Amino acid sequence: MKPDSSRSQAGVVAPLLMLPGLMCDHGFWQPFMDRSKDVICQVVDYGDSDAITAMAEAALAVAPPYFSLAGHSMGGRVALEVTRLAPERVHKLVLMGSGYLSLRAGKVGEAERAGRLALLHLAKQDGVQAMCDQWVKAMVNPERLGDAPLIASIRAMFMRKSAECLARQQQALLTRPDSTSALQALTLPTLVLCGRQDGWANVAQHEAMQALVPHAGLAVIEDAGHMMLMERPQATTQAIRNFLG
């Protein structure tokens with residue numbers, strides 16, 4: 001049973017469960033945690049999961065009874081699966097730089113599959129760092145590619161993972177479910193958030209997600225790409241905090 005909503009009315013902020021994107025971990029969420037000492041934060045590790053539903057089950061296994069949820073990229077898809085499996089446990093939802101459709105048929109889907117498998121091949125052949133250096137070119141605001149500290153922090157995060165982890169997570173994304181119905185079923189407060197310069201999950205994609213959840217808010221972080229919380233920590237944190245209350 002869902003706890004009485006008077007908790008939030010009394011000013012109690014539900015713990016925030018954080019779901020990382022592909023090859024990401026606490027490093028992506030650290031800028032928010034550094035600026036939100038008043039929020040109880042928990043970053044999920046998906047372990048050996050190689051499917052979106054298994055990742056959602058792993059998250060629920062370690063989550064508090066009642067929580068708010070923030071998912072970035074792949075983590076947004078996991079978040080939608082969490083809301084499908086246990087809607088009564090989720091207080092508020094933040095979907096960041098994410099999507100909702102399954103792998104498309106035809107040439108578009110084939111191109112995505114080929115791109116993901118090429119990155120996996122690179123990681124296995126030349127190492128995770130080489131894969132990250134290729135991947136990051138499309139994942140931050142192009143104007144930040146010369147920002148050595150930013151790129152180093154992303155690289156260090158990826159280096160904490162292995163090629164085997166990448167293989168599992170790419171498998172999860174290639175077999176991801178269509179979450180249109182999960183979005184349409186949402187009744188909880190929802191924020192859809194993206195970077196203006198995100199070339200992977202663009203603004204139009206997030207507007208389409210918002211359209212499926214009429215009560216959802218939309219926040220666009222200027223001068224940020226896919227890694228918006230690491231690129232623009234203050235603005236992104238503030239947008240999330242404003243939503244969480």
# chains A, B, ... in the order shown; residues from 1 in each chain; ligands from 1

$ closest_atom_pairs --of "region 90-134 of chain A" --to "region 143-163 of chain A" --cutoff "9 Å" --atoms "only C-alpha atoms" --output "JSON lines"
{"residue": "A:Leu120", "atom": "CA", "partner": "A:Ala163", "partner_atom": "CA", "distance": 7.0}
{"residue": "A:His121", "atom": "CA", "partner": "A:Ala163", "partner_atom": "CA", "distance": 8.9}
{"residue": "A:Ala123", "atom": "CA", "partner": "A:Ala163", "partner_atom": "CA", "distance": 5.6}
{"residue": "A:Lys124", "atom": "CA", "partner": "A:Ala163", "partner_atom": "CA", "distance": 5.8}
{"residue": "A:Gly127", "atom": "CA", "partner": "A:Ala163", "partner_atom": "CA", "distance": 7.3}
{"residue": "A:Val128", "atom": "CA", "partner": "A:Met159", "partner_atom": "CA", "distance": 6.2}
{"residue": "A:Gln129", "atom": "CA", "partner": "A:Met159", "partner_atom": "CA", "distance": 6.3}
{"residue": "A:Cys132", "atom": "CA", "partner": "A:Arg155", "partner_atom": "CA", "distance": 6.2}
{"residue": "A:Asp133", "atom": "CA", "partner": "A:Arg155", "partner_atom": "CA", "distance": 7.3}

$ write_last_selection --atoms "C-alpha atoms" --output "PDB file, in the first residue's frame"
ATOM      1  CA  LEU A 120      31.282  -3.147 -28.089  1.00  0.00           C
ATOM      2  CA  HIS A 121      33.847  -4.487 -30.562  1.00  0.00           C
ATOM      3  CA  ALA A 123      35.824  -1.960 -26.162  1.00  0.00           C
ATOM      4  CA  LYS A 124      36.769  -5.633 -26.457  1.00  0.00           C
ATOM      5  CA  GLY A 127      39.691  -1.312 -24.281  1.00  0.00           C
ATOM      6  CA  VAL A 128      36.931   0.667 -22.591  1.00  0.00           C
ATOM      7  CA  GLN A 129      38.901   3.929 -22.747  1.00  0.00           C
ATOM      8  CA  CYS A 132      34.625   5.982 -24.367  1.00  0.00           C
ATOM      9  CA  ASP A 133      36.766   8.374 -26.387  1.00  0.00           C
TER      10      ASP A 133
END

$ residues_around --residues "Ala185 (chain A)" --least-positions-apart "3" --cutoff "12 Å" --atoms "only C-alpha atoms" --output "list in words"
Leu80, Glu81, Thr83, Arg84, Leu85, Pro87, Ser179, Thr180, Ser181, Ala182, Leu188, Pro189, Thr190, Leu212, Val213, Pro214, His215 and Ala216 of chain A

$ write_last_selection --atoms "C-alpha atoms" --output "PDB file, in the first residue's frame"
ATOM      1  CA  LEU A  80       9.577   3.417 -16.553  1.00  0.00           C
ATOM      2  CA  GLU A  81       9.760  -0.325 -15.959  1.00  0.00           C
ATOM      3  CA  THR A  83       6.798   2.393 -12.381  1.00  0.00           C
ATOM      4  CA  ARG A  84       5.102  -0.425 -14.291  1.00  0.00           C
ATOM      5  CA  LEU A  85       6.159  -3.080 -11.780  1.00  0.00           C
ATOM      6  CA  PRO A  87       3.683   2.155  -9.219  1.00  0.00           C
ATOM      7  CA  SER A 179       7.326   1.892 -22.997  1.00  0.00           C
ATOM      8  CA  THR A 180       4.582   3.934 -24.657  1.00  0.00           C
ATOM      9  CA  SER A 181       1.921   2.330 -22.471  1.00  0.00           C
ATOM     10  CA  ALA A 182       4.056   2.853 -19.354  1.00  0.00           C
ATOM     11  CA  LEU A 188       2.474  10.489 -10.529  1.00  0.00           C
ATOM     12  CA  PRO A 189       4.263  13.863 -10.821  1.00  0.00           C
ATOM     13  CA  THR A 190       6.721  13.556 -13.729  1.00  0.00           C
ATOM     14  CA  LEU A 212       2.184  11.000 -23.757  1.00  0.00           C
ATOM     15  CA  VAL A 213       2.066  12.250 -20.137  1.00  0.00           C
ATOM     16  CA  PRO A 214      -0.136  15.371 -20.306  1.00  0.00           C
ATOM     17  CA  HIS A 215       0.584  16.423 -16.715  1.00  0.00           C
ATOM     18  CA  ALA A 216       4.380  16.090 -17.081  1.00  0.00           C
TER      19      ALA A 216
END

$ residues_around --residues "region 39-42 of chain A" --least-positions-apart "4" --cutoff "6 Å" --atoms "only C-alpha atoms" --output "PyMOL selection string"
chain A and resi 15-18

$ closest_residue --among "A:Gly199, A:Pro64, A:Gly75, A:Pro142" --to "Leu22 (chain A)" --atoms "only C-alpha atoms"
A:Gly75

$ select_by_dssp --residues "region 89-197 of chain A" --states "helix (DSSP H, G or I)" --output "PyMOL selection string"
chain A and resi 89+106-126+128-138+142-144+148-159+163-174+180-184

$ write_last_selection --atoms "C-alpha atoms" --output "mmCIF file, in the first residue's frame"
data_model
loop_
_atom_site.group_PDB
_atom_site.id
_atom_site.type_symbol
_atom_site.label_atom_id
_atom_site.label_comp_id
_atom_site.auth_asym_id
_atom_site.auth_seq_id
_atom_site.Cartn_x
_atom_site.Cartn_y
_atom_site.Cartn_z
ATOM 1 C CA ARG A 89 6.092 2.762 -4.382
ATOM 2 C CA GLY A 106 14.236 -1.744 -40.893
ATOM 3 C CA LYS A 107 17.286 0.343 -41.683
ATOM 4 C CA VAL A 108 16.994 2.646 -38.665
ATOM 5 C CA GLY A 109 17.071 -0.259 -36.222
ATOM 6 C CA GLU A 110 19.811 -1.999 -38.165
ATOM 7 C CA ALA A 111 21.931 1.160 -38.017
ATOM 8 C CA GLU A 112 21.455 1.465 -34.263
ATOM 9 C CA ARG A 113 22.337 -2.196 -33.734
ATOM 10 C CA ALA A 114 25.452 -1.847 -35.895
ATOM 11 C CA GLY A 115 26.549 1.259 -34.005
ATOM 12 C CA ARG A 116 26.120 -0.365 -30.613
ATOM 13 C CA LEU A 117 27.941 -3.524 -31.677
ATOM 14 C CA ALA A 118 30.768 -1.451 -33.168
ATOM 15 C CA LEU A 119 31.300 0.234 -29.803
ATOM 16 C CA LEU A 120 31.282 -3.147 -28.089
ATOM 17 C CA HIS A 121 33.847 -4.487 -30.562
ATOM 18 C CA LEU A 122 36.036 -1.455 -29.927
ATOM 19 C CA ALA A 123 35.824 -1.960 -26.162
ATOM 20 C CA LYS A 124 36.769 -5.633 -26.457
ATOM 21 C CA GLN A 125 39.572 -5.023 -28.947
ATOM 22 C CA ASP A 126 41.134 -1.758 -27.759
ATOM 23 C CA VAL A 128 36.931 0.667 -22.591
ATOM 24 C CA GLN A 129 38.901 3.929 -22.747
ATOM 25 C CA ALA A 130 39.104 3.760 -26.531
ATOM 26 C CA MET A 131 35.388 3.056 -26.690
ATOM 27 C CA CYS A 132 34.625 5.982 -24.367
ATOM 28 C CA ASP A 133 36.766 8.374 -26.387
ATOM 29 C CA GLN A 134 34.737 7.467 -29.472
ATOM 30 C CA TRP A 135 31.354 7.439 -27.716
ATOM 31 C CA VAL A 136 31.770 10.761 -25.939
ATOM 32 C CA LYS A 137 32.101 12.697 -29.212
ATOM 33 C CA ALA A 138 28.326 12.535 -29.658
ATOM 34 C CA PRO A 142 30.203 19.791 -29.054
ATOM 35 C CA GLU A 143 31.568 23.003 -27.559
ATOM 36 C CA ARG A 144 32.670 21.036 -24.461
ATOM 37 C CA ALA A 148 39.694 18.310 -20.464
ATOM 38 C CA PRO A 149 38.378 17.960 -16.862
ATOM 39 C CA LEU A 150 34.858 17.109 -18.088
ATOM 40 C CA ILE A 151 36.056 14.521 -20.581
ATOM 41 C CA ALA A 152 38.445 13.040 -18.014
ATOM 42 C CA SER A 153 35.635 12.626 -15.498
ATOM 43 C CA ILE A 154 33.460 10.809 -18.045
ATOM 44 C CA ARG A 155 36.394 8.622 -19.087
ATOM 45 C CA ALA A 156 37.180 7.751 -15.463
ATOM 46 C CA MET A 157 33.559 6.737 -14.893
ATOM 47 C CA PHE A 158 33.553 4.440 -17.917
ATOM 48 C CA MET A 159 36.883 2.937 -16.876
ATOM 49 C CA ALA A 163 33.673 -4.568 -21.707
ATOM 50 C CA GLU A 164 31.585 -7.398 -20.270
ATOM 51 C CA CYS A 165 29.364 -4.844 -18.524
ATOM 52 C CA LEU A 166 29.005 -2.977 -21.806
ATOM 53 C CA ALA A 167 27.964 -6.201 -23.535
ATOM 54 C CA ARG A 168 25.220 -6.829 -20.974
ATOM 55 C CA GLN A 169 23.921 -3.282 -21.122
ATOM 56 C CA GLN A 170 23.973 -3.135 -24.916
ATOM 57 C CA GLN A 171 21.998 -6.387 -24.941
ATOM 58 C CA ALA A 172 19.448 -4.791 -22.610
ATOM 59 C CA LEU A 173 19.087 -1.795 -24.916
ATOM 60 C CA LEU A 174 18.844 -3.847 -28.097
ATOM 61 C CA THR A 180 4.582 3.934 -24.657
ATOM 62 C CA SER A 181 1.921 2.330 -22.471
ATOM 63 C CA ALA A 182 4.056 2.853 -19.354
ATOM 64 C CA LEU A 183 4.245 6.576 -20.104
ATOM 65 C CA GLN A 184 0.521 6.811 -20.807
#

$ residues_around --residues "region 231-238 of chain A" --least-positions-apart "6" --cutoff "9 Å" --atoms "only C-alpha atoms" --output "short mmCIF file (atom, residue, chain, number, x, y, z; two decimals) with C-alpha atoms, in the first residue's frame"
data_model
loop_
_atom_site.label_atom_id
_atom_site.label_comp_id
_atom_site.auth_asym_id
_atom_site.auth_seq_id
_atom_site.Cartn_x
_atom_site.Cartn_y
_atom_site.Cartn_z
CA PRO A 31 27.12 16.83 -8.96
CA PHE A 32 23.53 16.55 -7.74
CA MET A 33 24.51 14.80 -4.51
CA ARG A 35 24.53 20.14 -4.04
CA SER A 36 21.75 18.23 -2.27
CA VAL A 140 28.34 16.10 -24.80
CA ASN A 141 27.71 19.56 -26.16
CA ARG A 144 32.67 21.04 -24.46
CA LEU A 150 34.86 17.11 -18.09
CA LEU A 193 14.50 16.71 -18.76
CA GLY A 195 20.09 18.92 -22.77
CA ALA A 219 12.91 21.16 -18.63
CA VAL A 220 15.59 21.85 -21.25
CA ILE A 221 19.12 22.52 -19.99
CA GLU A 222 20.88 25.05 -22.20
CA ASP A 223 24.44 24.45 -23.40
CA ALA A 224 24.33 20.78 -22.41
CA GLY A 225 24.37 17.47 -24.21
#
